[in-house]
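**Student:** Quick one: structure below, then a few questions.
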Amino acid sequence: GRCHIHLINMGEQFKNANDKGLNILILGSISNSRIAGSTLAQSSGFSEAISVDTPAFDIKARERIVDKALTDYKLKVAGGEAEKADFLKYASQITEYFSYNDLNSLIKKTRSVAIEREHAEITNEDLVEGYLQLTTGRLAANNMPDYEKRLVASHECGHATNLEVMRNLALDTQIPWRSPEKVNFVTLDPRGWYGGAVYFSSKVENPEMSFEKMFADVVCSYGGHSAEKRFFGMDGSYGITADLESATQTANRAVMLMGQGAHTGKLSVNGMLLTPSEEQKEIMRKDVDAIMENALIISDDITKEYEDFNNKFADKYGKLVGTGSCIVLGEVFRKELNDWRKALPKAKQDDLLALNEIIKEVMKASQKGI
């Protein structure tokens, strides 16, 4: 409302200036193109509009910008051409929503990290550390007791395991729009407002938001809580605050904006488009509850079946929490998870396959609002 009024007022001022023979060039950006569309531009006397794409949503553009930055700053990636290609691909994946300047700042920060670590050539680990310093800050003071370090490792492993299990299940269907994104990296060092985090992009491999992808995201959000509850007897904590916000927001968007509520139907509760009645609110709540309650059940089931892996992860990385040397790249996490699975006796592997079938059935029930 107010934004649109301000734009109209500005448009009138620009038109008056144009009537006086002044040429005006406007440089700027806007998140909602509908607010400043062609009608407003024409009514304000603008004859032309030039738009420039942003690398924020273009993974190939981000890759090219990073490659140029490496050349500009005379940086060499450790290894050969294959390692450089992997670095460029990885950098473009973890920098979703980054601008041109953000990407250049990231490479400069990566250079600083490499110098601090006395690395003659930069690595993916240097890149991730640079990313974290740029977005959340340096490692916070570490005065955590040992039990809390283990809890952080177990909590983040819960998130990452849930996401990879749901992703593998979706990939097995060979329906790409059902797949959630993969884990980019796990950080177990306290920075800014968090003690640890699992990073993954939202629209790099699959830009769609199918019901299956949405449901997997909610399951992932519950992973830390399920780990805390199973391994530490904590049925709720301050540490899951952001996780619960994420799960709740995702389920609400699915039902109220994306038409994925079985009983709600295909409508959008978005601003002034619709004011739902009390009866409609109850129906929406029923659909949201079905998604969230079933996702929590699946999260608890995954945590139970992957308990041994979580313990091994916490054994290995728990003591490193807060040392500044506790970043687990996505490829490393996946390898450790796959190696663990391959080493299991057949009976346990069969249990994991049975769990996959349970997840499929619960997901179908959730889609029906049950």
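We name chains A, B, ... following the order of the structure tokens; residues begin at 1 in each chain, and ligands are numbered from 1 as shown.
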I'd like the neighbourhood of Trp193 in chain A as a list in words, where a residue qualifies if any of its atoms comes within 10 Å (using only C-alpha atoms), though same-chain residues fewer than 2 positions away should be ignored.
**Tutor:**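 What passes the distance filter is Thr136, Gly137, Ala140, Pro190, Arg191, Gly195 and Gly196 of chain A.
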**Student:** Out of range 154-352 of chain A, which residues get strand (DSSP E or B) from DSSP, as a short mmCIF file (atom, residue, chain, number, x, y, z; two decimals) with C-alpha atoms, in the first residue's frame?
**Tutor:**
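Ended up saving to selection20.cif:
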data_model
loop_
_atom_site.label_atom_id
_atom_site.label_comp_id
_atom_site.auth_asym_id
_atom_site.auth_seq_id
_atom_site.Cartn_x
_atom_site.Cartn_y
_atom_site.Cartn_z
CA PHE A 185 28.09 -28.66 4.87
CA VAL A 186 27.66 -29.08 8.61
CA THR A 187 29.31 -26.58 10.95
CA ARG A 191 29.08 -18.48 15.61
CA TYR A 194 23.85 -20.50 16.87
CA ALA A 197 24.08 -25.56 11.75
CA VAL A 198 23.40 -27.64 8.65
CA TYR A 199 23.60 -25.62 5.45
CA ILE A 327 33.28 -28.13 9.42
CA VAL A 328 32.04 -31.32 7.76
CA LEU A 329 31.60 -30.91 4.01
#
**Student:** Do a neighbour search on Tyr131 in chain A at 9 Å with only C-alpha atoms, toss out local chain neighbours closer than 2 positions, and write the hits as a PyMOL selection string.
**Tutor:** chain A and resi 94-95+106-107+109-110+126-129+133-136
**Student:** How about saving the chosen residues, N, CA, C and O atoms kept, as a PDB file, in the first residue's frame?
**Tutor:**
ATOM      1  N   ILE A  94      26.614 -23.008  -2.805  1.00  0.00           N
ATOM      2  CA  ILE A  94      26.401 -22.527  -1.441  1.00  0.00           C
ATOM      3  C   ILE A  94      26.130 -21.024  -1.386  1.00  0.00           C
ATOM      4  O   ILE A  94      25.884 -20.489  -0.309  1.00  0.00           O
ATOM      5  N   THR A  95      26.151 -20.350  -2.543  1.00  0.00           N
ATOM      6  CA  THR A  95      26.000 -18.893  -2.555  1.00  0.00           C
ATOM      7  C   THR A  95      24.683 -18.437  -3.173  1.00  0.00           C
ATOM      8  O   THR A  95      24.610 -17.373  -3.776  1.00  0.00           O
ATOM      9  N   LEU A 106      33.308 -12.738  -0.901  1.00  0.00           N
ATOM     10  CA  LEU A 106      33.540 -14.108  -0.429  1.00  0.00           C
ATOM     11  C   LEU A 106      34.920 -14.607  -0.844  1.00  0.00           C
ATOM     12  O   LEU A 106      35.638 -15.212  -0.037  1.00  0.00           O
ATOM     13  N   ILE A 107      35.304 -14.378  -2.086  1.00  0.00           N
ATOM     14  CA  ILE A 107      36.609 -14.855  -2.546  1.00  0.00           C
ATOM     15  C   ILE A 107      37.742 -14.105  -1.843  1.00  0.00           C
ATOM     16  O   ILE A 107      38.776 -14.693  -1.492  1.00  0.00           O
ATOM     17  N   LYS A 109      37.531 -12.931   1.208  1.00  0.00           N
ATOM     18  CA  LYS A 109      37.551 -13.507   2.552  1.00  0.00           C
ATOM     19  C   LYS A 109      38.185 -14.886   2.545  1.00  0.00           C
ATOM     20  O   LYS A 109      38.942 -15.246   3.461  1.00  0.00           O
ATOM     21  N   THR A 110      37.915 -15.676   1.498  1.00  0.00           N
ATOM     22  CA  THR A 110      38.532 -16.996   1.371  1.00  0.00           C
ATOM     23  C   THR A 110      40.046 -16.871   1.273  1.00  0.00           C
ATOM     24  O   THR A 110      40.799 -17.670   1.843  1.00  0.00           O
ATOM     25  N   ASP A 126      38.515 -23.812   3.041  1.00  0.00           N
ATOM     26  CA  ASP A 126      38.781 -22.373   3.171  1.00  0.00           C
ATOM     27  C   ASP A 126      37.570 -21.570   2.713  1.00  0.00           C
ATOM     28  O   ASP A 126      37.210 -20.554   3.316  1.00  0.00           O
ATOM     29  N   LEU A 127      36.951 -22.026   1.633  1.00  0.00           N
ATOM     30  CA  LEU A 127      35.775 -21.344   1.092  1.00  0.00           C
ATOM     31  C   LEU A 127      34.642 -21.333   2.109  1.00  0.00           C
ATOM     32  O   LEU A 127      34.006 -20.286   2.346  1.00  0.00           O
ATOM     33  N   VAL A 128      34.376 -22.480   2.730  1.00  0.00           N
ATOM     34  CA  VAL A 128      33.284 -22.568   3.703  1.00  0.00           C
ATOM     35  C   VAL A 128      33.569 -21.680   4.914  1.00  0.00           C
ATOM     36  O   VAL A 128      32.682 -20.987   5.412  1.00  0.00           O
ATOM     37  N   GLU A 129      34.822 -21.692   5.381  1.00  0.00           N
ATOM     38  CA  GLU A 129      35.175 -20.836   6.508  1.00  0.00           C
ATOM     39  C   GLU A 129      34.995 -19.365   6.130  1.00  0.00           C
ATOM     40  O   GLU A 129      34.479 -18.557   6.930  1.00  0.00           O
ATOM     41  N   GLN A 133      32.461 -16.779   7.990  1.00  0.00           N
ATOM     42  CA  GLN A 133      32.936 -15.516   8.558  1.00  0.00           C
ATOM     43  C   GLN A 133      32.195 -14.335   7.950  1.00  0.00           C
ATOM     44  O   GLN A 133      31.872 -13.367   8.639  1.00  0.00           O
ATOM     45  N   LEU A 134      31.895 -14.432   6.668  1.00  0.00           N
ATOM     46  CA  LEU A 134      31.224 -13.338   5.971  1.00  0.00           C
ATOM     47  C   LEU A 134      29.766 -13.219   6.385  1.00  0.00           C
ATOM     48  O   LEU A 134      29.233 -12.115   6.512  1.00  0.00           O
ATOM     49  N   THR A 135      29.107 -14.349   6.619  1.00  0.00           N
ATOM     50  CA  THR A 135      27.658 -14.343   6.864  1.00  0.00           C
ATOM     51  C   THR A 135      27.287 -14.373   8.345  1.00  0.00           C
ATOM     52  O   THR A 135      26.220 -13.866   8.722  1.00  0.00           O
ATOM     53  N   THR A 136      28.126 -14.979   9.189  1.00  0.00           N
ATOM     54  CA  THR A 136      27.757 -15.100  10.608  1.00  0.00           C
ATOM     55  C   THR A 136      28.853 -14.639  11.557  1.00  0.00           C
ATOM     56  O   THR A 136      28.598 -14.492  12.749  1.00  0.00           O
TER      57      THR A 136
END
**Student:** May I have all residues of range 20-267 of chain A that DSSP, computed from the backbone, assigns to helix (DSSP H, G or I), given as a ChimeraX atom specification?
**Tutor:** /A:38-43,55-57,59-72,81-94,100-116,124-135,146-172,176-178,211-221,223-232,238-256
**Student:** If you count only C-alpha atoms, which residues fall within 8 Å of Lys182 in chain A, apart from same-chain ones fewer than 3 positions away, as an NGL selection string?
**Tutor:** :A and (163-164 or 167 or 200-201 or 330)
**Student:** Those same residues - N, CA, C and O atoms - I'd like them written as a PDB file, in the first residue's frame.
**Tutor:**
ATOM      1  N   LEU A 163      17.690 -35.180   6.293  1.00  0.00           N
ATOM      2  CA  LEU A 163      17.642 -34.621   4.942  1.00  0.00           C
ATOM      3  C   LEU A 163      18.180 -35.612   3.921  1.00  0.00           C
ATOM      4  O   LEU A 163      17.586 -35.798   2.849  1.00  0.00           O
ATOM      5  N   GLU A 164      19.296 -36.262   4.226  1.00  0.00           N
ATOM      6  CA  GLU A 164      19.888 -37.205   3.270  1.00  0.00           C
ATOM      7  C   GLU A 164      19.014 -38.444   3.081  1.00  0.00           C
ATOM      8  O   GLU A 164      18.903 -38.974   1.973  1.00  0.00           O
ATOM      9  N   ARG A 167      16.167 -37.332   0.925  1.00  0.00           N
ATOM     10  CA  ARG A 167      16.653 -37.060  -0.428  1.00  0.00           C
ATOM     11  C   ARG A 167      16.897 -38.362  -1.189  1.00  0.00           C
ATOM     12  O   ARG A 167      16.508 -38.489  -2.360  1.00  0.00           O
ATOM     13  N   PHE A 200      22.133 -25.984   3.565  1.00  0.00           N
ATOM     14  CA  PHE A 200      21.754 -26.542   2.269  1.00  0.00           C
ATOM     15  C   PHE A 200      21.027 -25.461   1.503  1.00  0.00           C
ATOM     16  O   PHE A 200      20.361 -24.592   2.081  1.00  0.00           O
ATOM     17  N   SER A 201      21.168 -25.474   0.179  1.00  0.00           N
ATOM     18  CA  SER A 201      20.493 -24.493  -0.662  1.00  0.00           C
ATOM     19  C   SER A 201      19.042 -24.906  -0.838  1.00  0.00           C
ATOM     20  O   SER A 201      18.676 -26.064  -0.635  1.00  0.00           O
ATOM     21  N   GLY A 330      29.579 -31.538   2.833  1.00  0.00           N
ATOM     22  CA  GLY A 330      28.483 -32.432   2.482  1.00  0.00           C
ATOM     23  C   GLY A 330      28.939 -33.763   1.918  1.00  0.00           C
ATOM     24  O   GLY A 330      28.398 -34.815   2.265  1.00  0.00           O
TER      25      GLY A 330
END
**Student:** Per residue of range 182-222 of chain A within 8 Å of range 231-253 of chain A, what are the shortest atom pair and its distance in Å to one decimal, counting only C-alpha atoms, with rows by chain and residue number, as a Markdown table?
**Tutor:**
| residue | atom | partner | partner_atom | distance |
| --- | --- | --- | --- | --- |
| A:Met214 | CA | A:Thr250 | CA | 6.9 |
| A:Phe215 | CA | A:Ala251 | CA | 7.9 |
| A:Asp217 | CA | A:Ala247 | CA | 7.5 |
| A:Val218 | CA | A:Ala247 | CA | 4.8 |
| A:Val219 | CA | A:Ala247 | CA | 7.9 |
| A:Ser221 | CA | A:Asp243 | CA | 5.1 |
| A:Tyr222 | CA | A:Asp243 | CA | 6.6 |
**Student:** Got time to write the residues from that selection, all heavy atoms, as a PDB file, in the first residue's frame?
**Tutor:**
ATOM      1  N   MET A 214       8.549 -30.344   0.197  1.00  0.00           N
ATOM      2  CA  MET A 214       8.115 -29.588   1.372  1.00  0.00           C
ATOM      3  C   MET A 214       8.120 -30.470   2.611  1.00  0.00           C
ATOM      4  O   MET A 214       8.633 -30.087   3.674  1.00  0.00           O
ATOM      5  CB  MET A 214       6.714 -29.023   1.109  1.00  0.00           C
ATOM      6  CG  MET A 214       6.085 -28.266   2.277  1.00  0.00           C
ATOM      7  SD  MET A 214       5.313 -29.334   3.549  1.00  0.00           S
ATOM      8  CE  MET A 214       4.090 -30.206   2.570  1.00  0.00           C
ATOM      9  N   PHE A 215       7.569 -31.676   2.488  1.00  0.00           N
ATOM     10  CA  PHE A 215       7.484 -32.595   3.627  1.00  0.00           C
ATOM     11  C   PHE A 215       8.885 -32.975   4.106  1.00  0.00           C
ATOM     12  O   PHE A 215       9.138 -33.036   5.321  1.00  0.00           O
ATOM     13  CB  PHE A 215       6.692 -33.845   3.228  1.00  0.00           C
ATOM     14  CG  PHE A 215       6.366 -34.762   4.377  1.00  0.00           C
ATOM     15  CD1 PHE A 215       5.308 -34.477   5.227  1.00  0.00           C
ATOM     16  CD2 PHE A 215       7.125 -35.896   4.606  1.00  0.00           C
ATOM     17  CE1 PHE A 215       5.008 -35.325   6.290  1.00  0.00           C
ATOM     18  CE2 PHE A 215       6.833 -36.745   5.657  1.00  0.00           C
ATOM     19  CZ  PHE A 215       5.769 -36.465   6.508  1.00  0.00           C
ATOM     20  N   ASP A 217      11.534 -31.154   3.912  1.00  0.00           N
ATOM     21  CA  ASP A 217      12.089 -30.001   4.624  1.00  0.00           C
ATOM     22  C   ASP A 217      11.598 -29.956   6.069  1.00  0.00           C
ATOM     23  O   ASP A 217      12.357 -29.619   6.981  1.00  0.00           O
ATOM     24  CB  ASP A 217      11.708 -28.701   3.905  1.00  0.00           C
ATOM     25  CG  ASP A 217      12.495 -28.489   2.622  1.00  0.00           C
ATOM     26  OD1 ASP A 217      13.473 -29.223   2.392  1.00  0.00           O
ATOM     27  OD2 ASP A 217      12.121 -27.588   1.840  1.00  0.00           O
ATOM     28  N   VAL A 218      10.326 -30.285   6.280  1.00  0.00           N
ATOM     29  CA  VAL A 218       9.790 -30.291   7.645  1.00  0.00           C
ATOM     30  C   VAL A 218      10.431 -31.421   8.457  1.00  0.00           C
ATOM     31  O   VAL A 218      10.800 -31.235   9.622  1.00  0.00           O
ATOM     32  CB  VAL A 218       8.256 -30.431   7.638  1.00  0.00           C
ATOM     33  CG1 VAL A 218       7.717 -30.425   9.076  1.00  0.00           C
ATOM     34  CG2 VAL A 218       7.612 -29.297   6.855  1.00  0.00           C
ATOM     35  N   VAL A 219      10.590 -32.580   7.838  1.00  0.00           N
ATOM     36  CA  VAL A 219      11.263 -33.696   8.515  1.00  0.00           C
ATOM     37  C   VAL A 219      12.680 -33.291   8.914  1.00  0.00           C
ATOM     38  O   VAL A 219      13.138 -33.566  10.032  1.00  0.00           O
ATOM     39  CB  VAL A 219      11.292 -34.946   7.610  1.00  0.00           C
ATOM     40  CG1 VAL A 219      12.174 -36.040   8.227  1.00  0.00           C
ATOM     41  CG2 VAL A 219       9.889 -35.483   7.383  1.00  0.00           C
ATOM     42  N   SER A 221      13.765 -30.296   9.533  1.00  0.00           N
ATOM     43  CA  SER A 221      13.698 -29.313  10.622  1.00  0.00           C
ATOM     44  C   SER A 221      13.561 -29.980  11.987  1.00  0.00           C
ATOM     45  O   SER A 221      14.046 -29.463  12.992  1.00  0.00           O
ATOM     46  CB  SER A 221      12.523 -28.354  10.401  1.00  0.00           C
ATOM     47  OG  SER A 221      12.715 -27.565   9.247  1.00  0.00           O
ATOM     48  N   TYR A 222      12.905 -31.135  12.028  1.00  0.00           N
ATOM     49  CA  TYR A 222      12.677 -31.824  13.296  1.00  0.00           C
ATOM     50  C   TYR A 222      13.871 -32.704  13.721  1.00  0.00           C
ATOM     51  O   TYR A 222      13.860 -33.247  14.828  1.00  0.00           O
ATOM     52  CB  TYR A 222      11.433 -32.704  13.208  1.00  0.00           C
ATOM     53  CG  TYR A 222      10.133 -31.967  13.412  1.00  0.00           C
ATOM     54  CD1 TYR A 222       9.079 -32.118  12.515  1.00  0.00           C
ATOM     55  CD2 TYR A 222       9.949 -31.133  14.507  1.00  0.00           C
ATOM     56  CE1 TYR A 222       7.879 -31.448  12.705  1.00  0.00           C
ATOM     57  CE2 TYR A 222       8.746 -30.461  14.695  1.00  0.00           C
ATOM     58  CZ  TYR A 222       7.721 -30.625  13.797  1.00  0.00           C
ATOM     59  OH  TYR A 222       6.531 -29.968  13.989  1.00  0.00           O
TER      60      TYR A 222
END
**Student:** What is the distance between CA of Gly259 in chain A and CA of Gln280 in chain A, in Å to one decimal?
**Tutor:**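 CA of Gly259 in chain A sits 13.6 Å away from CA of Gln280 in chain A.
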**Student:** Could you check the closest approach to Lys348 in chain A for each of A:Glu212, A:Glu307, A:Glu336, A:Asp289 and tell me which residue wins, using only C-alpha atoms?
**Tutor:**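 Of the candidates, the smallest distance to Lys348 in chain A is held by A:Glu307.
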